[in-house]
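Have a look at input-v1.pdb below; it lists PDB, C-alpha atoms.
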ATOM      1  CA  MET A   1      99.098  53.738  56.197
ATOM      2  CA  GLY A   2      96.354  53.247  53.622
ATOM      3  CA  GLY A   3      97.035  51.790  50.220
ATOM      4  CA  ASN A   4      95.814  48.423  49.150
ATOM      5  CA  THR A   5      96.595  45.167  50.838
ATOM      6  CA  PHE A   6      98.022  43.487  47.786
ATOM      7  CA  MET A   7     100.617  46.101  46.946
ATOM      8  CA  ASP A   8     101.850  47.536  50.224
ATOM      9  CA  ILE A   9     103.671  44.644  51.796
ATOM     10  CA  GLY A  10     104.191  45.399  55.461
ATOM     11  CA  LEU A  11     104.784  43.702  58.761
ATOM     12  CA  GLY A  12     101.268  42.257  58.840
ATOM     13  CA  HIS A  13     101.798  40.269  55.668
ATOM     14  CA  TYR A  14     104.820  38.463  57.021
ATOM     15  CA  LEU A  15     103.054  37.868  60.325
ATOM     16  CA  ALA A  16     100.088  36.375  58.470
ATOM     17  CA  VAL A  17     102.333  34.008  56.514
ATOM     18  CA  SER A  18     104.024  32.908  59.707
ATOM     19  CA  ALA A  19     100.686  32.443  61.490
ATOM     20  CA  ILE A  20      99.427  30.180  58.700
ATOM     21  CA  LEU A  21     102.700  28.248  58.726
ATOM     22  CA  PHE A  22     102.446  27.871  62.504
ATOM     23  CA  ALA A  23      98.883  26.549  62.293
ATOM     24  CA  LEU A  24      99.819  24.054  59.578
ATOM     25  CA  GLY A  25     102.769  22.892  61.665
ATOM     26  CA  LEU A  26     100.449  22.445  64.635
ATOM     27  CA  ILE A  27      98.091  20.307  62.534
ATOM     28  CA  VAL A  28     101.014  18.174  61.356
ATOM     29  CA  VAL A  29     102.230  17.658  64.926
ATOM     30  CA  MET A  30      98.774  16.628  66.085
ATOM     31  CA  THR A  31      97.784  14.321  63.227
ATOM     32  CA  ARG A  32     100.917  12.226  62.778
ATOM     33  CA  ARG A  33     101.749   9.039  64.577
ATOM     34  CA  ASN A  34     105.186   8.663  63.064
ATOM     35  CA  ALA A  35     107.818  10.409  65.163
ATOM     36  CA  ILE A  36     109.614  11.744  62.092
ATOM     37  CA  GLY A  37     106.377  13.227  60.796
ATOM     38  CA  ILE A  38     105.989  15.030  64.122
ATOM     39  CA  LEU A  39     109.559  16.328  63.767
ATOM     40  CA  MET A  40     108.662  17.807  60.383
ATOM     41  CA  GLY A  41     105.756  19.631  62.011
ATOM     42  CA  LEU A  42     108.182  20.994  64.611
ATOM     43  CA  GLU A  43     110.431  22.311  61.850
ATOM     44  CA  LEU A  44     107.430  24.192  60.450
ATOM     45  CA  LEU A  45     106.730  25.733  63.869
ATOM     46  CA  LEU A  46     110.361  26.838  64.243
ATOM     47  CA  ASN A  47     110.371  28.338  60.757
ATOM     48  CA  ALA A  48     107.225  30.311  61.550
ATOM     49  CA  ALA A  49     108.972  31.743  64.614
ATOM     50  CA  GLY A  50     112.000  32.615  62.498
ATOM     51  CA  ILE A  51     109.909  34.542  59.987
ATOM     52  CA  ASN A  52     108.418  36.530  62.864
ATOM     53  CA  PHE A  53     111.843  37.385  64.290
ATOM     54  CA  VAL A  54     113.200  38.610  60.958
ATOM     55  CA  ALA A  55     110.005  40.519  60.150
ATOM     56  CA  PHE A  56     109.971  42.360  63.481
ATOM     57  CA  ASN A  57     113.662  43.101  63.082
ATOM     58  CA  ARG A  58     113.092  44.507  59.613
ATOM     59  CA  PHE A  59     110.035  46.586  60.385
ATOM     60  CA  SER A  60     110.419  47.596  64.020
ATOM     61  CA  ALA A  61     114.141  47.890  64.738
ATOM     62  CA  PRO A  62     115.993  47.967  61.448
ATOM     63  CA  GLU A  63     119.040  49.851  62.716
ATOM     64  CA  ARG A  64     120.419  46.682  64.298
ATOM     65  CA  MET A  65     120.207  42.989  63.392
ATOM     66  CA  ASP A  66     119.396  41.337  66.716
ATOM     67  CA  GLY A  67     116.378  39.501  65.323
ATOM     68  CA  GLN A  68     118.552  37.798  62.764
ATOM     69  CA  ILE A  69     120.912  36.623  65.514
ATOM     70  CA  PHE A  70     117.958  34.977  67.223
ATOM     71  CA  VAL A  71     117.100  33.153  64.017
ATOM     72  CA  ILE A  72     120.669  31.865  63.798
ATOM     73  CA  PHE A  73     120.253  30.398  67.280
ATOM     74  CA  ILE A  74     116.867  28.928  66.306
ATOM     75  CA  VAL A  75     118.471  27.201  63.329
ATOM     76  CA  ILE A  76     121.257  25.830  65.523
ATOM     77  CA  LEU A  77     118.763  24.543  68.082
ATOM     78  CA  ALA A  78     116.617  23.018  65.325
ATOM     79  CA  ALA A  79     119.621  21.130  64.025
ATOM     80  CA  ALA A  80     120.509  19.927  67.521
ATOM     81  CA  GLU A  81     116.898  18.930  68.185
ATOM     82  CA  ALA A  82     116.594  17.017  64.909
ATOM     83  CA  ALA A  83     119.832  15.106  65.551
ATOM     84  CA  THR A  84     118.884  14.151  69.110
ATOM     85  CA  ALA A  85     115.314  13.241  68.198
ATOM     86  CA  LEU A  86     116.407  11.048  65.312
ATOM     87  CA  ALA A  87     118.874   9.265  67.567
ATOM     88  CA  LEU A  88     116.033   8.608  70.025
ATOM     89  CA  VAL A  89     113.737   7.421  67.236
ATOM     90  CA  LEU A  90     116.410   5.032  65.972
ATOM     91  CA  ASN A  91     116.873   3.674  69.466
ATOM     92  CA  ILE A  92     113.125   3.196  69.927
ATOM     93  CA  TYR A  93     112.907   1.560  66.525
ATOM     94  CA  HIS A  94     115.606  -0.936  67.433
ATOM     95  CA  GLN A  95     113.718  -1.863  70.572
ATOM     96  CA  ILE A  96     110.070  -1.964  69.540
ATOM     97  CA  HIS A  97     110.416  -2.044  65.718
ATOM     98  CA  THR A  98     108.190   0.915  65.033
ATOM     99  CA  ALA A  99     108.571   4.672  64.884
ATOM    100  CA  ASN A 100     104.983   5.371  65.922
ATOM    101  CA  VAL A 101     104.934   7.431  69.074
ATOM    102  CA  ASP A 102     101.708   5.965  70.473
ATOM    103  CA  GLU A 103     103.203   2.481  70.496
ATOM    104  CA  ALA A 104     106.234   3.591  72.481
ATOM    105  CA  HIS A 105     104.430   3.607  75.808
ATOM    106  CA  LEU A 106     106.778   1.550  77.958
ATOM    107  CA  LEU A 107     109.247   3.238  80.265
ATOM    108  CA  LYS A 108     111.594   0.292  80.191
ATOM    109  CA  GLN A 109     111.743  -2.979  78.381
TER     110      GLN A 109
ATOM    111  CA  MET B   1     116.598  61.827  42.437
ATOM    112  CA  SER B   2     113.638  64.044  41.528
ATOM    113  CA  ALA B   3     110.358  63.581  43.308
ATOM    114  CA  ALA B   4     108.514  62.671  40.128
ATOM    115  CA  GLY B   5     111.123  60.127  39.096
ATOM    116  CA  ARG B   6     111.133  58.671  42.566
ATOM    117  CA  GLY B   7     107.358  58.341  42.371
ATOM    118  CA  ARG B   8     107.322  56.408  39.100
ATOM    119  CA  GLU B   9     110.269  54.235  39.969
ATOM    120  CA  GLY B  10     109.106  53.767  43.512
ATOM    121  CA  GLU B  11     105.746  52.575  42.293
ATOM    122  CA  TRP B  12     107.321  50.083  39.923
ATOM    123  CA  ALA B  13     109.703  48.784  42.575
ATOM    124  CA  LEU B  14     106.755  48.526  44.950
ATOM    125  CA  SER B  15     104.680  46.354  42.669
ATOM    126  CA  PHE B  16     107.681  44.161  41.869
ATOM    127  CA  HIS B  17     108.371  43.840  45.584
ATOM    128  CA  ALA B  18     104.745  42.851  46.175
ATOM    129  CA  ILE B  19     104.679  40.275  43.382
ATOM    130  CA  ILE B  20     107.837  38.621  44.717
ATOM    131  CA  PHE B  21     106.327  38.567  48.199
ATOM    132  CA  TRP B  22     103.133  36.853  47.068
ATOM    133  CA  ALA B  23     105.116  34.331  45.044
ATOM    134  CA  LEU B  24     107.298  33.513  48.049
ATOM    135  CA  ALA B  25     104.300  33.319  50.370
ATOM    136  CA  ALA B  26     102.624  30.842  48.018
ATOM    137  CA  MET B  27     105.888  28.911  47.798
ATOM    138  CA  THR B  28     105.899  28.664  51.591
ATOM    139  CA  ILE B  29     102.246  27.898  52.282
ATOM    140  CA  VAL B  30     101.347  25.545  49.423
ATOM    141  CA  PRO B  31     104.033  22.931  50.238
ATOM    142  CA  ALA B  32     103.096  23.265  53.916
ATOM    143  CA  ILE B  33      99.529  22.285  52.964
ATOM    144  CA  GLY B  34     101.092  19.438  51.008
ATOM    145  CA  ILE B  35     102.799  18.261  54.198
ATOM    146  CA  VAL B  36      99.471  18.270  56.019
ATOM    147  CA  VAL B  37      97.531  16.319  53.386
ATOM    148  CA  SER B  38     100.093  13.834  52.121
ATOM    149  CA  LYS B  39      99.924  10.352  53.571
ATOM    150  CA  ASN B  40     103.349   9.187  52.449
ATOM    151  CA  ILE B  41     106.082  10.302  54.810
ATOM    152  CA  VAL B  42     108.673  10.537  52.022
ATOM    153  CA  HIS B  43     106.376  12.905  50.161
ATOM    154  CA  MET B  44     106.080  14.908  53.377
ATOM    155  CA  ALA B  45     109.856  15.279  53.485
ATOM    156  CA  PHE B  46     109.956  16.566  49.922
ATOM    157  CA  TRP B  47     107.092  18.987  50.539
ATOM    158  CA  LEU B  48     109.010  20.219  53.584
ATOM    159  CA  LEU B  49     111.891  21.002  51.227
ATOM    160  CA  GLY B  50     109.613  23.374  49.292
ATOM    161  CA  THR B  51     108.456  25.143  52.445
ATOM    162  CA  LEU B  52     112.022  25.574  53.673
ATOM    163  CA  LEU B  53     113.009  27.052  50.312
ATOM    164  CA  GLY B  54     110.067  29.455  50.509
ATOM    165  CA  VAL B  55     111.097  30.567  53.983
ATOM    166  CA  ALA B  56     114.658  31.086  52.728
ATOM    167  CA  GLY B  57     113.195  33.248  49.969
ATOM    168  CA  LEU B  58     111.226  35.275  52.522
ATOM    169  CA  TYR B  59     114.433  35.859  54.511
ATOM    170  CA  LEU B  60     116.164  37.087  51.354
ATOM    171  CA  HIS B  61     113.130  39.259  50.623
ATOM    172  CA  MET B  62     113.645  40.902  54.019
ATOM    173  CA  GLU B  63     117.305  41.595  53.179
ATOM    174  CA  ALA B  64     118.610  38.895  55.475
ATOM    175  CA  ASP B  65     120.954  37.329  52.949
ATOM    176  CA  PHE B  66     123.076  35.388  55.428
ATOM    177  CA  LEU B  67     119.989  33.843  57.017
ATOM    178  CA  GLY B  68     118.563  32.871  53.632
ATOM    179  CA  MET B  69     121.721  31.018  52.732
ATOM    180  CA  THR B  70     121.995  29.472  56.195
ATOM    181  CA  GLN B  71     118.432  28.260  55.830
ATOM    182  CA  VAL B  72     119.303  26.556  52.532
ATOM    183  CA  PHE B  73     122.502  24.989  53.841
ATOM    184  CA  VAL B  74     121.424  23.911  57.301
ATOM    185  CA  TYR B  75     117.751  23.100  56.814
ATOM    186  CA  ILE B  76     117.681  21.761  53.283
ATOM    187  CA  GLY B  77     121.199  20.369  53.139
ATOM    188  CA  GLY B  78     121.306  19.164  56.727
ATOM    189  CA  ILE B  79     118.059  18.708  58.585
ATOM    190  CA  ASN B  80     115.924  17.574  55.674
ATOM    191  CA  VAL B  81     118.518  15.019  54.570
ATOM    192  CA  LEU B  82     118.767  13.863  58.188
ATOM    193  CA  LEU B  83     114.980  13.400  58.274
ATOM    194  CA  LEU B  84     115.096  11.392  55.041
ATOM    195  CA  PHE B  85     117.813   9.181  56.519
ATOM    196  CA  GLY B  86     115.654   8.710  59.592
ATOM    197  CA  ILE B  87     112.679   7.721  57.437
ATOM    198  CA  MET B  88     114.691   5.189  55.518
ATOM    199  CA  LEU B  89     116.249   3.680  58.628
ATOM    200  CA  THR B  90     112.986   3.318  60.533
ATOM    201  CA  ASN B  91     110.434   2.246  57.932
ATOM    202  CA  ARG B  92     110.600  -1.349  56.991
ATOM    203  CA  GLU B  93     107.131  -1.753  55.603
ATOM    204  CA  PRO B  94     104.446   0.712  54.780
ATOM    205  CA  LEU B  95     105.302   4.362  54.513
ATOM    206  CA  TYR B  96     101.685   5.336  55.004
ATOM    207  CA  VAL B  97     101.619   7.030  58.342
ATOM    208  CA  ARG B  98      98.278   8.669  58.801
ATOM    209  CA  ALA B  99      95.916   5.800  58.043
ATOM    210  CA  ALA B 100      95.605   4.732  61.656
ATOM    211  CA  VAL B 101      94.909   8.152  63.150
ATOM    212  CA  LYS B 102      91.238   8.366  63.960
ATOM    213  CA  ARG B 103      89.037  10.653  61.960
ATOM    214  CA  PRO B 104      87.759  12.717  64.937
ATOM    215  CA  ALA B 105      91.371  13.341  65.937
ATOM    216  CA  ILE B 106      92.146  14.738  62.488
ATOM    217  CA  ALA B 107      88.989  16.835  62.501
ATOM    218  CA  SER B 108      89.748  18.338  65.888
ATOM    219  CA  ALA B 109      93.357  18.990  64.917
ATOM    220  CA  VAL B 110      92.293  20.803  61.761
ATOM    221  CA  LEU B 111      89.701  22.751  63.717
ATOM    222  CA  LEU B 112      92.295  23.800  66.271
ATOM    223  CA  GLY B 113      94.715  24.745  63.478
ATOM    224  CA  VAL B 114      92.118  26.940  61.786
ATOM    225  CA  VAL B 115      91.230  28.581  65.111
ATOM    226  CA  VAL B 116      94.907  29.261  65.856
ATOM    227  CA  ALA B 117      95.556  30.689  62.393
ATOM    228  CA  VAL B 118      92.478  32.924  62.390
ATOM    229  CA  GLY B 119      93.080  34.027  65.973
ATOM    230  CA  LEU B 120      96.725  34.863  65.373
ATOM    231  CA  ILE B 121      96.011  36.801  62.182
ATOM    232  CA  GLN B 122      93.156  38.640  63.879
ATOM    233  CA  SER B 123      95.264  39.638  66.851
ATOM    234  CA  PHE B 124      98.233  40.556  64.666
ATOM    235  CA  GLY B 125      95.938  42.764  62.634
ATOM    236  CA  ALA B 126      94.303  44.318  65.683
ATOM    237  CA  THR B 127      97.574  45.205  67.411
ATOM    238  CA  GLU B 128      99.198  48.551  66.780
ATOM    239  CA  TRP B 129     102.761  47.435  66.259
ATOM    240  CA  HIS B 130     105.547  49.866  66.784
ATOM    241  CA  THR B 131     106.936  49.998  63.276
ATOM    242  CA  VAL B 132     109.678  52.348  62.224
ATOM    243  CA  LYS B 133     108.378  52.335  58.689
ATOM    244  CA  ASP B 134     105.566  50.955  56.641
ATOM    245  CA  ALA B 135     108.387  49.510  54.804
ATOM    246  CA  VAL B 136     107.474  48.768  51.339
ATOM    247  CA  ALA B 137     110.633  49.123  49.359
ATOM    248  CA  PRO B 138     113.928  48.638  51.192
ATOM    249  CA  GLY B 139     115.046  51.713  53.088
ATOM    250  CA  LEU B 140     118.712  52.546  53.123
ATOM    251  CA  ALA B 141     118.693  53.502  56.816
ATOM    252  CA  ASP B 142     118.282  49.841  57.737
ATOM    253  CA  ALA B 143     121.378  48.062  58.896
ATOM    254  CA  SER B 144     120.798  44.963  56.820
ATOM    255  CA  ALA B 145     119.531  46.773  53.712
ATOM    256  CA  LYS B 146     122.607  48.998  53.816
ATOM    257  CA  ALA B 147     124.897  46.006  54.182
ATOM    258  CA  VAL B 148     123.244  44.262  51.257
ATOM    259  CA  VAL B 149     123.323  47.322  49.014
ATOM    260  CA  ASN B 150     126.968  48.036  49.863
ATOM    261  CA  GLY B 151     127.791  44.531  48.738
ATOM    262  CA  ASP B 152     129.101  43.458  52.142
ATOM    263  CA  GLY B 153     126.126  41.326  53.032
ATOM    264  CA  THR B 154     124.848  40.910  56.555
ATOM    265  CA  ALA B 155     127.370  38.220  57.471
ATOM    266  CA  ALA B 156     130.070  40.675  58.576
ATOM    267  CA  THR B 157     127.757  42.502  60.975
ATOM    268  CA  LEU B 158     126.229  39.295  62.301
ATOM    269  CA  GLY B 159     129.700  37.931  62.948
ATOM    270  CA  THR B 160     130.605  41.058  64.892
ATOM    271  CA  TYR B 161     127.455  40.666  66.997
ATOM    272  CA  LEU B 162     128.151  37.015  67.673
ATOM    273  CA  LEU B 163     131.649  37.743  68.948
ATOM    274  CA  SER B 164     130.740  40.835  70.974
ATOM    275  CA  ASP B 165     127.191  41.229  72.332
ATOM    276  CA  TYR B 166     126.219  37.587  71.914
ATOM    277  CA  ILE B 167     129.490  35.928  72.887
ATOM    278  CA  LEU B 168     127.989  34.082  75.864
ATOM    279  CA  PRO B 169     125.064  32.488  73.992
ATOM    280  CA  PHE B 170     127.454  31.710  71.176
ATOM    281  CA  GLU B 171     129.773  29.785  73.475
ATOM    282  CA  ILE B 172     126.897  28.035  75.217
ATOM    283  CA  VAL B 173     125.506  26.947  71.874
ATOM    284  CA  SER B 174     128.883  25.585  70.827
ATOM    285  CA  ILE B 175     128.986  23.452  73.964
ATOM    286  CA  LEU B 176     125.391  22.373  73.277
ATOM    287  CA  LEU B 177     126.359  21.223  69.794
ATOM    288  CA  LEU B 178     129.261  19.218  71.183
ATOM    289  CA  VAL B 179     126.979  17.580  73.750
ATOM    290  CA  VAL B 180     124.394  16.819  71.074
ATOM    291  CA  LEU B 181     127.039  15.284  68.827
ATOM    292  CA  VAL B 182     128.274  12.960  71.546
ATOM    293  CA  GLY B 183     124.804  12.276  72.939
ATOM    294  CA  ALA B 184     123.227  11.465  69.583
ATOM    295  CA  ALA B 185     126.044   9.098  68.710
ATOM    296  CA  TYR B 186     125.690   7.417  72.106
ATOM    297  CA  ILE B 187     121.900   7.100  72.022
ATOM    298  CA  ALA B 188     121.685   5.880  68.435
ATOM    299  CA  ARG B 189     124.359   3.225  68.726
ATOM    300  CA  ARG B 190     123.280  -0.343  68.266
ATOM    301  CA  ASP B 191     123.941  -2.451  71.280
ATOM    302  CA  PRO B 192     126.282  -5.306  70.325
ATOM    303  CA  GLU B 193     124.431  -7.837  72.454
ATOM    304  CA  GLY B 194     121.127  -6.899  70.938
ATOM    305  CA  GLY B 195     119.652  -6.161  74.347
ATOM    306  CA  SER B 196     118.423  -2.871  75.655
ATOM    307  CA  ALA B 197     120.769   0.052  75.187
TER     308      ALA B 197
END

Mind converting the file's structure to structure tokens?
Amino acid sequence: MGGNTFMDIGLGHYLAVSAILFALGLIVVMTRRNAIGILMGLELLLNAAGINFVAFNRFSAPERMDGQIFVIFIVILAAAEAATALALVLNIYHQIHTANVDEAHLLKQ
Amino acid sequence: MSAAGRGREGEWALSFHAIIFWALAAMTIVPAIGIVVSKNIVHMAFWLLGTLLGVAGLYLHMEADFLGMTQVFVYIGGINVLLLFGIMLTNREPLYVRAAVKRPAIASAVLLGVVVAVGLIQSFGATEWHTVKDAVAPGLADASAKAVVNGDGTAATLGTYLLSDYILPFEIVSILLLVVLVGAAYIARRDPEGGSA
């Protein structure tokens, strides 16, 4: 397609943004001990996937909006996941008085 | 529209389009870096807010107006507030979360993150994607661009999809949400005897 990289915004630009977001989310997931911190990293990962879906929809199959439907489902699942995970974290916190995942190593108390 | 006029205007629209994109990309990535480096988990939650806003902006930039608004309502209004509630309910003492993670662990995580980012960008760049258009300025043949320009927005079309082609996933997801509602309330309840739940 030619042109310069800074002016012609195409599919690759969105994919690059989502790749960077994905990597940052991965780092967050791996470096946190607090369960809620890990959840935040997961939200970053899901958002990166969403950007990819919308970008491919926009640039590869723009005559329909199926990619956007997938993002709606991702958002719904993210909400469900956050609610369930926070309920679990609260339960763990009541039992062992910490939200750090590496201290929650007992199957049953 | 004459070819010459289209050229001038197209060029202007193109640069405007590009500037908005770079601004939104910075708005997405910079707070995400903030999440990675901040030690205070409350700060992390507020940085996450910036990233989510940036992603909403990127959705709007790709003419997905319904998704952009959904992102603001559900993520920022719902999930982020939920995370903040979780932080406040589970942190009695110090909010500093990263202090105890060992330095080699952080180094290897960052290394892996850099490798993943570089690898993904490399492979994205090396792949010949099937693209309908190089897609600089919005094209009016696109379903969502047309909907936005007509003033209808994408919500009407998305609603039609959800109740026709995607009716089964839609119903399954509604059951999932019901189960999650009940399950989360059950799991998070405090046991009256103070024993195990």

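Residues matched by the PyMOL selection byres ((chain A and resi 64) around 8) in this structure: Asn57, Ala61, Pro62, Glu63, Met65 and Asp66 of chain A; Asp142, Ala143 and Ser144 of chain B.
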
Q: Provide as an NGL selection string the residues of chain A at most 6 Å from chain B, counting all atoms listed in the file.
A: :A and (7-10 or 16 or 19-20 or 23 or 27-28 or 31-32 or 59-60 or 62-64 or 84 or 87 or 90-91)

Centre, edges in Å (one decimal): axis-aligned box, region 172-177 of chain B, 5 Å padding on all six sides, as lines of an AutoDock Vina configuration file:
center_x = 127.2
center_y = 24.6
center_z = 72.5
size_x = 13.6
size_y = 16.8
size_z = 15.4

Q) Contacts of region 95-103 of chain A at 6 Å or less, counting all atoms listed in the file, minus same-chain residues fewer than 3 places along, as a list in words? A)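 Result of the neighbour search: Arg33, Asn34, Ala35 and Ile92 of chain A.
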
Q. Using all atoms listed in the file, which residue out of A:Gly25, A:Ala79, A:Phe73, A:His13 lies closest to Met40 (chain A)?
A.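 Of the candidates, the smallest distance to Met40 (chain A) is held by A:Gly25.
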
Q: Would you mind reading off the distance between CA of Ala156 (chain B) and CA of Leu44 (chain A), one decimal, in Å?
A: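 That distance, rounded to one decimal, is 28.1 Å.
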
**Q.** CA of Leu11 (chain A) to CA of Phe56 (chain A), distance in Å rounded to a single decimal
**A.**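 These atoms are spaced 7.1 Å apart.
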
Q. Quick one: of A:Val54, A:Gly37, A:Leu77, A:Val89, who's nearest to Ala104 (chain A), counting all atoms listed in the file?
A.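 Selected residue with least distance to Ala104 (chain A): A:Val89.
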
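What separates CA of Val17 (chain A) from CA of Ile74 (chain A) is a distance of 18.2 Å.
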
(Q) For a quick check of your reading of the model, name the residues lying within 9 Å of the coordinate (104.7, 34.6, 59.5), counting all atoms listed in the file, and write them as a VMD selection string. (A) chain A and resid 12 to 22 47 to 52 55

Could region 5-32 of chain A be written out with N, CA and C atoms, as a PDB file, in the first residue's frame, please?
ATOM      1  N   THR A   5       4.167   5.295   7.574  1.00  0.00           N
ATOM      2  CA  THR A   5       3.564   4.540   8.668  1.00  0.00           C
ATOM      3  C   THR A   5       2.787   5.434   9.608  1.00  0.00           C
ATOM      4  N   PHE A   6       3.142   6.699   9.668  1.00  0.00           N
ATOM      5  CA  PHE A   6       2.496   7.544  10.670  1.00  0.00           C
ATOM      6  C   PHE A   6       1.166   8.077  10.182  1.00  0.00           C
ATOM      7  N   MET A   7       0.982   8.122   8.870  1.00  0.00           N
ATOM      8  CA  MET A   7      -0.239   8.739   8.355  1.00  0.00           C
ATOM      9  C   MET A   7      -1.283   7.723   7.930  1.00  0.00           C
ATOM     10  N   ASP A   8      -0.843   6.631   7.305  1.00  0.00           N
ATOM     11  CA  ASP A   8      -1.812   5.661   6.811  1.00  0.00           C
ATOM     12  C   ASP A   8      -2.109   4.638   7.892  1.00  0.00           C
ATOM     13  N   ILE A   9      -3.158   4.898   8.633  1.00  0.00           N
ATOM     14  CA  ILE A   9      -3.495   3.998   9.736  1.00  0.00           C
ATOM     15  C   ILE A   9      -4.257   2.817   9.159  1.00  0.00           C
ATOM     16  N   GLY A  10      -3.674   1.627   9.312  1.00  0.00           N
ATOM     17  CA  GLY A  10      -4.329   0.440   8.780  1.00  0.00           C
ATOM     18  C   GLY A  10      -4.504  -0.622   9.847  1.00  0.00           C
ATOM     19  N   LEU A  11      -4.797  -1.813   9.375  1.00  0.00           N
ATOM     20  CA  LEU A  11      -5.009  -2.933  10.291  1.00  0.00           C
ATOM     21  C   LEU A  11      -3.818  -3.152  11.221  1.00  0.00           C
ATOM     22  N   GLY A  12      -2.602  -3.052  10.643  1.00  0.00           N
ATOM     23  CA  GLY A  12      -1.401  -3.341  11.418  1.00  0.00           C
ATOM     24  C   GLY A  12      -1.249  -2.454  12.637  1.00  0.00           C
ATOM     25  N   HIS A  13      -1.684  -1.206  12.528  1.00  0.00           N
ATOM     26  CA  HIS A  13      -1.544  -0.299  13.657  1.00  0.00           C
ATOM     27  C   HIS A  13      -2.389  -0.757  14.844  1.00  0.00           C
ATOM     28  N   TYR A  14      -3.626  -1.121  14.535  1.00  0.00           N
ATOM     29  CA  TYR A  14      -4.495  -1.586  15.621  1.00  0.00           C
ATOM     30  C   TYR A  14      -3.960  -2.892  16.212  1.00  0.00           C
ATOM     31  N   LEU A  15      -3.465  -3.765  15.336  1.00  0.00           N
ATOM     32  CA  LEU A  15      -2.921  -5.031  15.833  1.00  0.00           C
ATOM     33  C   LEU A  15      -1.713  -4.780  16.725  1.00  0.00           C
ATOM     34  N   ALA A  16      -0.892  -3.784  16.366  1.00  0.00           N
ATOM     35  CA  ALA A  16       0.280  -3.484  17.187  1.00  0.00           C
ATOM     36  C   ALA A  16      -0.148  -2.974  18.550  1.00  0.00           C
ATOM     37  N   VAL A  17      -1.141  -2.076  18.575  1.00  0.00           N
ATOM     38  CA  VAL A  17      -1.623  -1.570  19.868  1.00  0.00           C
ATOM     39  C   VAL A  17      -2.129  -2.719  20.721  1.00  0.00           C
ATOM     40  N   SER A  18      -2.878  -3.628  20.090  1.00  0.00           N
ATOM     41  CA  SER A  18      -3.436  -4.721  20.889  1.00  0.00           C
ATOM     42  C   SER A  18      -2.344  -5.675  21.337  1.00  0.00           C
ATOM     43  N   ALA A  19      -1.298  -5.862  20.526  1.00  0.00           N
ATOM     44  CA  ALA A  19      -0.203  -6.743  20.940  1.00  0.00           C
ATOM     45  C   ALA A  19       0.516  -6.168  22.151  1.00  0.00           C
ATOM     46  N   ILE A  20       0.751  -4.847  22.127  1.00  0.00           N
ATOM     47  CA  ILE A  20       1.427  -4.214  23.271  1.00  0.00           C
ATOM     48  C   ILE A  20       0.554  -4.321  24.519  1.00  0.00           C
ATOM     49  N   LEU A  21      -0.749  -4.081  24.342  1.00  0.00           N
ATOM     50  CA  LEU A  21      -1.670  -4.174  25.473  1.00  0.00           C
ATOM     51  C   LEU A  21      -1.678  -5.587  26.038  1.00  0.00           C
ATOM     52  N   PHE A  22      -1.645  -6.580  25.136  1.00  0.00           N
ATOM     53  CA  PHE A  22      -1.650  -7.978  25.568  1.00  0.00           C
ATOM     54  C   PHE A  22      -0.397  -8.285  26.380  1.00  0.00           C
ATOM     55  N   ALA A  23       0.765  -7.812  25.884  1.00  0.00           N
ATOM     56  CA  ALA A  23       2.015  -8.093  26.587  1.00  0.00           C
ATOM     57  C   ALA A  23       2.012  -7.438  27.961  1.00  0.00           C
ATOM     58  N   LEU A  24       1.522  -6.195  28.033  1.00  0.00           N
ATOM     59  CA  LEU A  24       1.478  -5.516  29.333  1.00  0.00           C
ATOM     60  C   LEU A  24       0.543  -6.254  30.292  1.00  0.00           C
ATOM     61  N   GLY A  25      -0.584  -6.733  29.752  1.00  0.00           N
ATOM     62  CA  GLY A  25      -1.505  -7.492  30.601  1.00  0.00           C
ATOM     63  C   GLY A  25      -0.853  -8.764  31.116  1.00  0.00           C
ATOM     64  N   LEU A  26      -0.076  -9.406  30.244  1.00  0.00           N
ATOM     65  CA  LEU A  26       0.632 -10.628  30.642  1.00  0.00           C
ATOM     66  C   LEU A  26       1.611 -10.333  31.778  1.00  0.00           C
ATOM     67  N   ILE A  27       2.341  -9.213  31.652  1.00  0.00           N
ATOM     68  CA  ILE A  27       3.298  -8.846  32.705  1.00  0.00           C
ATOM     69  C   ILE A  27       2.562  -8.610  34.019  1.00  0.00           C
ATOM     70  N   VAL A  28       1.411  -7.910  33.931  1.00  0.00           N
ATOM     71  CA  VAL A  28       0.648  -7.645  35.160  1.00  0.00           C
ATOM     72  C   VAL A  28       0.218  -8.957  35.800  1.00  0.00           C
ATOM     73  N   VAL A  29      -0.301  -9.884  34.977  1.00  0.00           N
ATOM     74  CA  VAL A  29      -0.768 -11.158  35.534  1.00  0.00           C
ATOM     75  C   VAL A  29       0.374 -11.894  36.214  1.00  0.00           C
ATOM     76  N   MET A  30       1.577 -11.810  35.635  1.00  0.00           N
ATOM     77  CA  MET A  30       2.672 -12.609  36.179  1.00  0.00           C
ATOM     78  C   MET A  30       3.357 -11.955  37.361  1.00  0.00           C
ATOM     79  N   THR A  31       3.271 -10.630  37.515  1.00  0.00           N
ATOM     80  CA  THR A  31       4.044  -9.998  38.581  1.00  0.00           C
ATOM     81  C   THR A  31       3.223  -9.658  39.813  1.00  0.00           C
ATOM     82  N   ARG A  32       1.928  -9.884  39.791  1.00  0.00           N
ATOM     83  CA  ARG A  32       1.132  -9.506  40.966  1.00  0.00           C
ATOM     84  C   ARG A  32       0.899 -10.710  41.864  1.00  0.00           C
TER      85      ARG A  32
END
